[in-house]
Amino acid sequence: MKNEQFVYVTYIRTTPEQLWQALTSPEFTQRYWLQTRQISDWQPGAAWRAVDPEGKAIISGEIIEIDRPRKLVFTWRNKRSPRLQRKVIRA
């Protein structure tokens, strides 16, 4: 499928500020994203990556758009699966 697209919708009872912290805090994401830490400067054009406990990037991308605490758009490149090399995530 050439135009393969994934859309995830999740409803979470929280404030935008608390959700933002959960998505961008390395300590929080390490607890809930299979021990990976999300690392970025969280600015448009900045690199983004999820690193495993040894510090190896298993997912990487770039911050496309950001409007704290309401919008986060970034690319997603799965380092372990060539089929999933480039995706754009909108949160």
# chains A, B, ... in the order shown; residues from 1 in each chain; ligands from 1
call {"tool": "residues_around", "arguments": {"residues": "Gln18 (chain A)", "least_positions_apart": "5", "cutoff": "10 Å", "atoms": "only C-alpha atoms", "output": "list in words"}}
result
Arg13, Leu23 and Pro69 of chain A
call {"tool": "select_by_dssp", "arguments": {"residues": "chain A", "states": "strand (DSSP E)", "output": "ChimeraX atom specification"}}
result
/A:37-40,47-51,57-67,71-78,87-90
call {"tool": "residues_around", "arguments": {"residues": "Ile66 (chain A)", "least_positions_apart": "6", "cutoff": "8 Å", "atoms": "only C-alpha atoms", "output": "VMD selection string"}}
result
chain A and resid 42 to 44 72 to 73
call {"tool": "atom_distance", "arguments": {"atom1": "CA of Ser60 (chain A)", "atom2": "CA of Phe74 (chain A)"}}
result
9.6 Å
call {"tool": "atom_distance", "arguments": {"atom1": "CA of Ile58 (chain A)", "atom2": "CA of Thr75 (chain A)"}}
result
13.6 Å
call {"tool": "residues_around", "arguments": {"residues": "Tyr32 (chain A)", "least_positions_apart": "6", "cutoff": "12 Å", "atoms": "only C-alpha atoms", "output": "VMD selection string"}}
result
chain A and resid 22 to 26 38
call {"tool": "atom_distance", "arguments": {"atom1": "CA of Lys71 (chain A)", "atom2": "CA of Thr29 (chain A)"}}
result
17.6 Å
call {"tool": "closest_residue", "arguments": {"among": "A:Trp20, A:Thr15, A:Thr10, A:Arg77", "to": "Glu62 (chain A)", "atoms": "only C-alpha atoms"}}
result
A:Arg77
call {"tool": "decode", "arguments": {"residues": "region 15-51 of chain A", "atoms": "N, CA and C atoms", "output": "PDB file, in the first residue's frame"}}
result
ATOM      1  N   THR A  15      -5.175  17.264  32.090  1.00  0.00           N
ATOM      2  CA  THR A  15      -5.047  18.612  31.539  1.00  0.00           C
ATOM      3  C   THR A  15      -4.052  18.587  30.385  1.00  0.00           C
ATOM      4  N   PRO A  16      -4.119  19.546  29.479  1.00  0.00           N
ATOM      5  CA  PRO A  16      -3.122  19.604  28.406  1.00  0.00           C
ATOM      6  C   PRO A  16      -1.690  19.681  28.944  1.00  0.00           C
ATOM      7  N   GLU A  17      -1.493  20.399  30.026  1.00  0.00           N
ATOM      8  CA  GLU A  17      -0.157  20.541  30.611  1.00  0.00           C
ATOM      9  C   GLU A  17       0.368  19.210  31.150  1.00  0.00           C
ATOM     10  N   GLN A  18      -0.487  18.454  31.819  1.00  0.00           N
ATOM     11  CA  GLN A  18      -0.057  17.153  32.349  1.00  0.00           C
ATOM     12  C   GLN A  18       0.225  16.168  31.218  1.00  0.00           C
ATOM     13  N   LEU A  19      -0.588  16.197  30.169  1.00  0.00           N
ATOM     14  CA  LEU A  19      -0.349  15.312  29.034  1.00  0.00           C
ATOM     15  C   LEU A  19       0.953  15.684  28.329  1.00  0.00           C
ATOM     16  N   TRP A  20       1.196  16.970  28.170  1.00  0.00           N
ATOM     17  CA  TRP A  20       2.442  17.420  27.550  1.00  0.00           C
ATOM     18  C   TRP A  20       3.647  16.890  28.329  1.00  0.00           C
ATOM     19  N   GLN A  21       3.600  17.018  29.625  1.00  0.00           N
ATOM     20  CA  GLN A  21       4.687  16.520  30.479  1.00  0.00           C
ATOM     21  C   GLN A  21       4.865  15.016  30.295  1.00  0.00           C
ATOM     22  N   ALA A  22       3.762  14.305  30.214  1.00  0.00           N
ATOM     23  CA  ALA A  22       3.842  12.848  30.036  1.00  0.00           C
ATOM     24  C   ALA A  22       4.466  12.468  28.697  1.00  0.00           C
ATOM     25  N   LEU A  23       4.199  13.230  27.649  1.00  0.00           N
ATOM     26  CA  LEU A  23       4.730  12.916  26.325  1.00  0.00           C
ATOM     27  C   LEU A  23       6.182  13.333  26.137  1.00  0.00           C
ATOM     28  N   THR A  24       6.635  14.334  26.883  1.00  0.00           N
ATOM     29  CA  THR A  24       7.961  14.893  26.622  1.00  0.00           C
ATOM     30  C   THR A  24       8.979  14.669  27.730  1.00  0.00           C
ATOM     31  N   SER A  25       8.574  14.192  28.869  1.00  0.00           N
ATOM     32  CA  SER A  25       9.492  13.963  29.983  1.00  0.00           C
ATOM     33  C   SER A  25      10.218  12.623  29.815  1.00  0.00           C
ATOM     34  N   PRO A  26      11.549  12.628  29.708  1.00  0.00           N
ATOM     35  CA  PRO A  26      12.270  11.360  29.560  1.00  0.00           C
ATOM     36  C   PRO A  26      11.996  10.376  30.701  1.00  0.00           C
ATOM     37  N   GLU A  27      11.869  10.882  31.914  1.00  0.00           N
ATOM     38  CA  GLU A  27      11.623  10.002  33.055  1.00  0.00           C
ATOM     39  C   GLU A  27      10.258   9.323  32.958  1.00  0.00           C
ATOM     40  N   PHE A  28       9.260  10.066  32.519  1.00  0.00           N
ATOM     41  CA  PHE A  28       7.924   9.492  32.383  1.00  0.00           C
ATOM     42  C   PHE A  28       7.877   8.491  31.236  1.00  0.00           C
ATOM     43  N   THR A  29       8.418   8.873  30.082  1.00  0.00           N
ATOM     44  CA  THR A  29       8.332   7.977  28.932  1.00  0.00           C
ATOM     45  C   THR A  29       9.131   6.699  29.158  1.00  0.00           C
ATOM     46  N   GLN A  30      10.170   6.777  29.938  1.00  0.00           N
ATOM     47  CA  GLN A  30      10.938   5.563  30.227  1.00  0.00           C
ATOM     48  C   GLN A  30      10.079   4.553  30.989  1.00  0.00           C
ATOM     49  N   ARG A  31       9.190   5.037  31.814  1.00  0.00           N
ATOM     50  CA  ARG A  31       8.312   4.141  32.576  1.00  0.00           C
ATOM     51  C   ARG A  31       7.239   3.495  31.707  1.00  0.00           C
ATOM     52  N   TYR A  32       6.768   4.200  30.658  1.00  0.00           N
ATOM     53  CA  TYR A  32       5.594   3.736  29.921  1.00  0.00           C
ATOM     54  C   TYR A  32       5.828   3.436  28.444  1.00  0.00           C
ATOM     55  N   TRP A  33       7.003   3.747  27.897  1.00  0.00           N
ATOM     56  CA  TRP A  33       7.306   3.477  26.489  1.00  0.00           C
ATOM     57  C   TRP A  33       8.380   2.402  26.397  1.00  0.00           C
ATOM     58  N   LEU A  34       8.166   1.277  27.020  1.00  0.00           N
ATOM     59  CA  LEU A  34       9.076   0.129  26.929  1.00  0.00           C
ATOM     60  C   LEU A  34      10.519   0.494  27.273  1.00  0.00           C
ATOM     61  N   GLN A  35      10.679   1.275  28.315  1.00  0.00           N
ATOM     62  CA  GLN A  35      11.990   1.688  28.832  1.00  0.00           C
ATOM     63  C   GLN A  35      12.745   2.665  27.930  1.00  0.00           C
ATOM     64  N   THR A  36      12.091   3.248  26.914  1.00  0.00           N
ATOM     65  CA  THR A  36      12.776   4.232  26.080  1.00  0.00           C
ATOM     66  C   THR A  36      12.590   5.625  26.651  1.00  0.00           C
ATOM     67  N   ARG A  37      13.593   6.454  26.458  1.00  0.00           N
ATOM     68  CA  ARG A  37      13.544   7.854  26.885  1.00  0.00           C
ATOM     69  C   ARG A  37      13.400   8.720  25.637  1.00  0.00           C
ATOM     70  N   GLN A  38      12.444   9.630  25.645  1.00  0.00           N
ATOM     71  CA  GLN A  38      12.242  10.559  24.529  1.00  0.00           C
ATOM     72  C   GLN A  38      13.183  11.741  24.734  1.00  0.00           C
ATOM     73  N   ILE A  39      13.996  12.025  23.743  1.00  0.00           N
ATOM     74  CA  ILE A  39      14.994  13.080  23.864  1.00  0.00           C
ATOM     75  C   ILE A  39      14.831  14.066  22.717  1.00  0.00           C
ATOM     76  N   SER A  40      14.705  15.360  23.045  1.00  0.00           N
ATOM     77  CA  SER A  40      14.588  16.413  22.047  1.00  0.00           C
ATOM     78  C   SER A  40      14.721  17.766  22.733  1.00  0.00           C
ATOM     79  N   ASP A  41      14.985  18.793  21.928  1.00  0.00           N
ATOM     80  CA  ASP A  41      14.927  20.178  22.416  1.00  0.00           C
ATOM     81  C   ASP A  41      13.507  20.720  22.315  1.00  0.00           C
ATOM     82  N   TRP A  42      12.624  19.944  21.673  1.00  0.00           N
ATOM     83  CA  TRP A  42      11.208  20.270  21.509  1.00  0.00           C
ATOM     84  C   TRP A  42      11.017  21.644  20.873  1.00  0.00           C
ATOM     85  N   GLN A  43      11.733  21.883  19.777  1.00  0.00           N
ATOM     86  CA  GLN A  43      11.592  23.081  18.958  1.00  0.00           C
ATOM     87  C   GLN A  43      11.406  22.645  17.510  1.00  0.00           C
ATOM     88  N   PRO A  44      10.676  23.397  16.676  1.00  0.00           N
ATOM     89  CA  PRO A  44      10.548  23.025  15.263  1.00  0.00           C
ATOM     90  C   PRO A  44      11.929  22.857  14.623  1.00  0.00           C
ATOM     91  N   GLY A  45      12.091  21.774  13.891  1.00  0.00           N
ATOM     92  CA  GLY A  45      13.362  21.476  13.247  1.00  0.00           C
ATOM     93  C   GLY A  45      14.331  20.687  14.100  1.00  0.00           C
ATOM     94  N   ALA A  46      14.039  20.534  15.379  1.00  0.00           N
ATOM     95  CA  ALA A  46      14.936  19.803  16.287  1.00  0.00           C
ATOM     96  C   ALA A  46      14.825  18.301  16.052  1.00  0.00           C
ATOM     97  N   ALA A  47      15.906  17.609  16.336  1.00  0.00           N
ATOM     98  CA  ALA A  47      15.897  16.148  16.277  1.00  0.00           C
ATOM     99  C   ALA A  47      15.071  15.612  17.443  1.00  0.00           C
ATOM    100  N   TRP A  48      14.472  14.461  17.228  1.00  0.00           N
ATOM    101  CA  TRP A  48      13.725  13.739  18.260  1.00  0.00           C
ATOM    102  C   TRP A  48      14.149  12.285  18.171  1.00  0.00           C
ATOM    103  N   ARG A  49      14.326  11.647  19.308  1.00  0.00           N
ATOM    104  CA  ARG A  49      14.638  10.214  19.280  1.00  0.00           C
ATOM    105  C   ARG A  49      14.172   9.546  20.556  1.00  0.00           C
ATOM    106  N   ALA A  50      13.938   8.267  20.431  1.00  0.00           N
ATOM    107  CA  ALA A  50      13.639   7.406  21.573  1.00  0.00           C
ATOM    108  C   ALA A  50      14.841   6.479  21.695  1.00  0.00           C
ATOM    109  N   VAL A  51      15.469   6.511  22.861  1.00  0.00           N
ATOM    110  CA  VAL A  51      16.667   5.698  23.061  1.00  0.00           C
ATOM    111  C   VAL A  51      16.377   4.600  24.070  1.00  0.00           C
TER     112      VAL A  51
END
